[in-house]
Amino acid sequence: MSVWLPVLFICLSTNNCEFYSGDISVSVEQCAAQNDKAEALINRSGKAQAYRMACIEIKPKANDSL
């Protein structure tokens with residue numbers, strides 16, 4: 001079973017760049033929905049010079065705990 005982590009790297013008009021991650025999702029669709037909300041906020045703010053987002057698949061091992 002895989003889980004998904006939404007991630008965002010953004011550079012603002014102030015020349016500050018930051019990395020963010022969202023909540024672990026149980027499906028790629030849930031992860032994409034989180035990124036869609038973040039992208040809407042970014043576009044409304046008009047302060048981003050550049051950004052990139054993705055959903056990273058995480059495959060826990062049998063002895064990992066979530």
# chains A, B, ... in the order shown; residues from 1 in each chain; ligands from 1
>>> select_by_dssp(residues="chain A", states="strand (DSSP E)", output="PyMOL selection string")
chain A and resi 3-12+17-21+48-58
>>> write_last_selection(atoms="N, CA, C and O atoms", output="mmCIF file, in the first residue's frame")
data_model
loop_
_atom_site.group_PDB
_atom_site.id
_atom_site.type_symbol
_atom_site.label_atom_id
_atom_site.label_comp_id
_atom_site.auth_asym_id
_atom_site.auth_seq_id
_atom_site.Cartn_x
_atom_site.Cartn_y
_atom_site.Cartn_z
ATOM 1 N N VAL A 3 1.223 5.571 0.164
ATOM 2 C CA VAL A 3 0.606 6.840 0.558
ATOM 3 C C VAL A 3 1.286 7.918 -0.279
ATOM 4 O O VAL A 3 2.318 7.682 -0.918
ATOM 5 N N TRP A 4 0.698 9.100 -0.292
ATOM 6 C CA TRP A 4 1.176 10.179 -1.150
ATOM 7 C C TRP A 4 1.396 11.438 -0.330
ATOM 8 O O TRP A 4 0.604 11.757 0.550
ATOM 9 N N LEU A 5 2.472 12.144 -0.630
ATOM 10 C CA LEU A 5 2.804 13.378 0.062
ATOM 11 C C LEU A 5 2.835 14.527 -0.941
ATOM 12 O O LEU A 5 3.646 14.514 -1.866
ATOM 13 N N PRO A 6 1.940 15.527 -0.775
ATOM 14 C CA PRO A 6 1.992 16.690 -1.657
ATOM 15 C C PRO A 6 3.129 17.617 -1.232
ATOM 16 O O PRO A 6 3.304 17.883 -0.044
ATOM 17 N N VAL A 7 3.928 18.045 -2.195
ATOM 18 C CA VAL A 7 5.047 18.934 -1.914
ATOM 19 C C VAL A 7 5.001 20.141 -2.852
ATOM 20 O O VAL A 7 4.502 20.063 -3.967
ATOM 21 N N LEU A 8 5.548 21.245 -2.343
ATOM 22 C CA LEU A 8 5.563 22.499 -3.091
ATOM 23 C C LEU A 8 6.886 23.201 -2.856
ATOM 24 O O LEU A 8 7.321 23.335 -1.708
ATOM 25 N N PHE A 9 7.534 23.629 -3.929
ATOM 26 C CA PHE A 9 8.696 24.499 -3.844
ATOM 27 C C PHE A 9 8.301 25.786 -4.534
ATOM 28 O O PHE A 9 7.862 25.769 -5.693
ATOM 29 N N ILE A 10 8.423 26.908 -3.839
ATOM 30 C CA ILE A 10 7.949 28.176 -4.367
ATOM 31 C C ILE A 10 8.980 29.280 -4.138
ATOM 32 O O ILE A 10 9.620 29.326 -3.087
ATOM 33 N N CYS A 11 9.134 30.128 -5.136
ATOM 34 C CA CYS A 11 9.974 31.312 -5.023
ATOM 35 C C CYS A 11 9.058 32.523 -5.185
ATOM 36 O O CYS A 11 8.322 32.636 -6.174
ATOM 37 N N LEU A 12 9.092 33.404 -4.196
ATOM 38 C CA LEU A 12 8.218 34.572 -4.172
ATOM 39 C C LEU A 12 8.888 35.781 -4.815
ATOM 40 O O LEU A 12 10.100 35.781 -5.056
ATOM 41 N N CYS A 17 12.754 31.680 -1.360
ATOM 42 C CA CYS A 17 12.248 30.398 -1.845
ATOM 43 C C CYS A 17 12.041 29.475 -0.646
ATOM 44 O O CYS A 17 12.855 29.472 0.281
ATOM 45 N N GLU A 18 10.950 28.713 -0.687
ATOM 46 C CA GLU A 18 10.629 27.832 0.434
ATOM 47 C C GLU A 18 10.053 26.521 -0.066
ATOM 48 O O GLU A 18 9.505 26.437 -1.158
ATOM 49 N N PHE A 19 10.159 25.523 0.782
ATOM 50 C CA PHE A 19 9.648 24.190 0.514
ATOM 51 C C PHE A 19 8.535 23.895 1.515
ATOM 52 O O PHE A 19 8.686 24.156 2.702
ATOM 53 N N TYR A 20 7.418 23.359 1.036
ATOM 54 C CA TYR A 20 6.294 23.004 1.899
ATOM 55 C C TYR A 20 5.845 21.589 1.573
ATOM 56 O O TYR A 20 5.999 21.120 0.450
ATOM 57 N N SER A 21 5.248 20.941 2.543
ATOM 58 C CA SER A 21 4.595 19.659 2.308
ATOM 59 C C SER A 21 3.227 19.688 2.969
ATOM 60 O O SER A 21 3.023 20.367 3.967
ATOM 61 N N ALA A 48 4.017 34.842 -6.492
ATOM 62 C CA ALA A 48 4.973 33.788 -6.828
ATOM 63 C C ALA A 48 5.692 34.123 -8.130
ATOM 64 O O ALA A 48 5.064 34.468 -9.126
ATOM 65 N N GLN A 49 7.022 34.050 -8.102
ATOM 66 C CA GLN A 49 7.790 34.177 -9.336
ATOM 67 C C GLN A 49 7.817 32.841 -10.064
ATOM 68 O O GLN A 49 7.758 32.796 -11.279
ATOM 69 N N ALA A 50 7.930 31.777 -9.283
ATOM 70 C CA ALA A 50 7.959 30.430 -9.849
ATOM 71 C C ALA A 50 7.596 29.433 -8.763
ATOM 72 O O ALA A 50 7.824 29.685 -7.579
ATOM 73 N N TYR A 51 7.000 28.336 -9.172
ATOM 74 C CA TYR A 51 6.709 27.262 -8.214
ATOM 75 C C TYR A 51 6.609 25.940 -8.948
ATOM 76 O O TYR A 51 6.387 25.897 -10.157
ATOM 77 N N ARG A 52 6.781 24.896 -8.194
ATOM 78 C CA ARG A 52 6.642 23.541 -8.716
ATOM 79 C C ARG A 52 6.036 22.691 -7.618
ATOM 80 O O ARG A 52 6.442 22.776 -6.468
ATOM 81 N N MET A 53 5.052 21.887 -7.969
ATOM 82 C CA MET A 53 4.435 20.996 -6.990
ATOM 83 C C MET A 53 4.344 19.595 -7.566
ATOM 84 O O MET A 53 4.355 19.413 -8.777
ATOM 85 N N ALA A 54 4.271 18.642 -6.663
ATOM 86 C CA ALA A 54 4.197 17.242 -7.066
ATOM 87 C C ALA A 54 3.582 16.426 -5.942
ATOM 88 O O ALA A 54 3.456 16.892 -4.814
ATOM 89 N N CYS A 55 3.202 15.223 -6.287
ATOM 90 C CA CYS A 55 2.766 14.236 -5.311
ATOM 91 C C CYS A 55 3.816 13.129 -5.304
ATOM 92 O O CYS A 55 4.072 12.503 -6.327
ATOM 93 N N ILE A 56 4.437 12.929 -4.163
ATOM 94 C CA ILE A 56 5.482 11.927 -4.035
ATOM 95 C C ILE A 56 4.892 10.659 -3.441
ATOM 96 O O ILE A 56 4.264 10.696 -2.376
ATOM 97 N N GLU A 57 5.092 9.550 -4.133
ATOM 98 C CA GLU A 57 4.605 8.264 -3.640
ATOM 99 C C GLU A 57 5.561 7.732 -2.580
ATOM 100 O O GLU A 57 6.776 7.707 -2.773
ATOM 101 N N ILE A 58 4.987 7.308 -1.475
ATOM 102 C CA ILE A 58 5.763 6.723 -0.383
ATOM 103 C C ILE A 58 5.246 5.302 -0.169
ATOM 104 O O ILE A 58 4.046 5.094 0.016
#
>>> atom_distance(atom1="CA of Ala40 in chain A", atom2="CA of Asp23 in chain A")
17.3 Å
>>> closest_residue(among="A:Asn15, A:Ser2, A:Lys47, A:Glu39", to="Ser27 in chain A", atoms="only C-alpha atoms")
A:Ser2
>>> select_by_dssp(residues="chain A", states="helix (DSSP H, G or I)", output="PDB file with C-alpha atoms, in the first residue's frame")
ATOM      1  CA  VAL A  28      -2.931  10.263  -5.607  1.00  0.00           C
ATOM      2  CA  GLU A  29      -6.302  11.955  -6.214  1.00  0.00           C
ATOM      3  CA  GLN A  30      -6.442  13.251  -2.622  1.00  0.00           C
ATOM      4  CA  CYS A  31      -2.881  14.454  -2.932  1.00  0.00           C
ATOM      5  CA  ALA A  32      -3.617  16.230  -6.219  1.00  0.00           C
ATOM      6  CA  ALA A  33      -6.653  17.895  -4.628  1.00  0.00           C
ATOM      7  CA  GLN A  34      -4.401  19.385  -1.934  1.00  0.00           C
ATOM      8  CA  ASN A  35      -2.029  20.676  -4.612  1.00  0.00           C
ATOM      9  CA  ASP A  36      -4.955  22.108  -6.592  1.00  0.00           C
ATOM     10  CA  LYS A  37      -6.053  24.139  -3.562  1.00  0.00           C
ATOM     11  CA  ALA A  38      -2.506  25.380  -2.987  1.00  0.00           C
ATOM     12  CA  GLU A  39      -2.156  26.341  -6.656  1.00  0.00           C
ATOM     13  CA  ALA A  40      -5.388  28.338  -6.550  1.00  0.00           C
ATOM     14  CA  LEU A  41      -4.094  30.280  -3.528  1.00  0.00           C
ATOM     15  CA  ILE A  42      -0.759  30.892  -5.243  1.00  0.00           C
ATOM     16  CA  ASN A  43      -2.426  32.182  -8.399  1.00  0.00           C
ATOM     17  CA  ARG A  44      -4.751  34.475  -6.438  1.00  0.00           C
ATOM     18  CA  SER A  45      -1.879  35.978  -4.453  1.00  0.00           C
TER      19      SER A  45
END
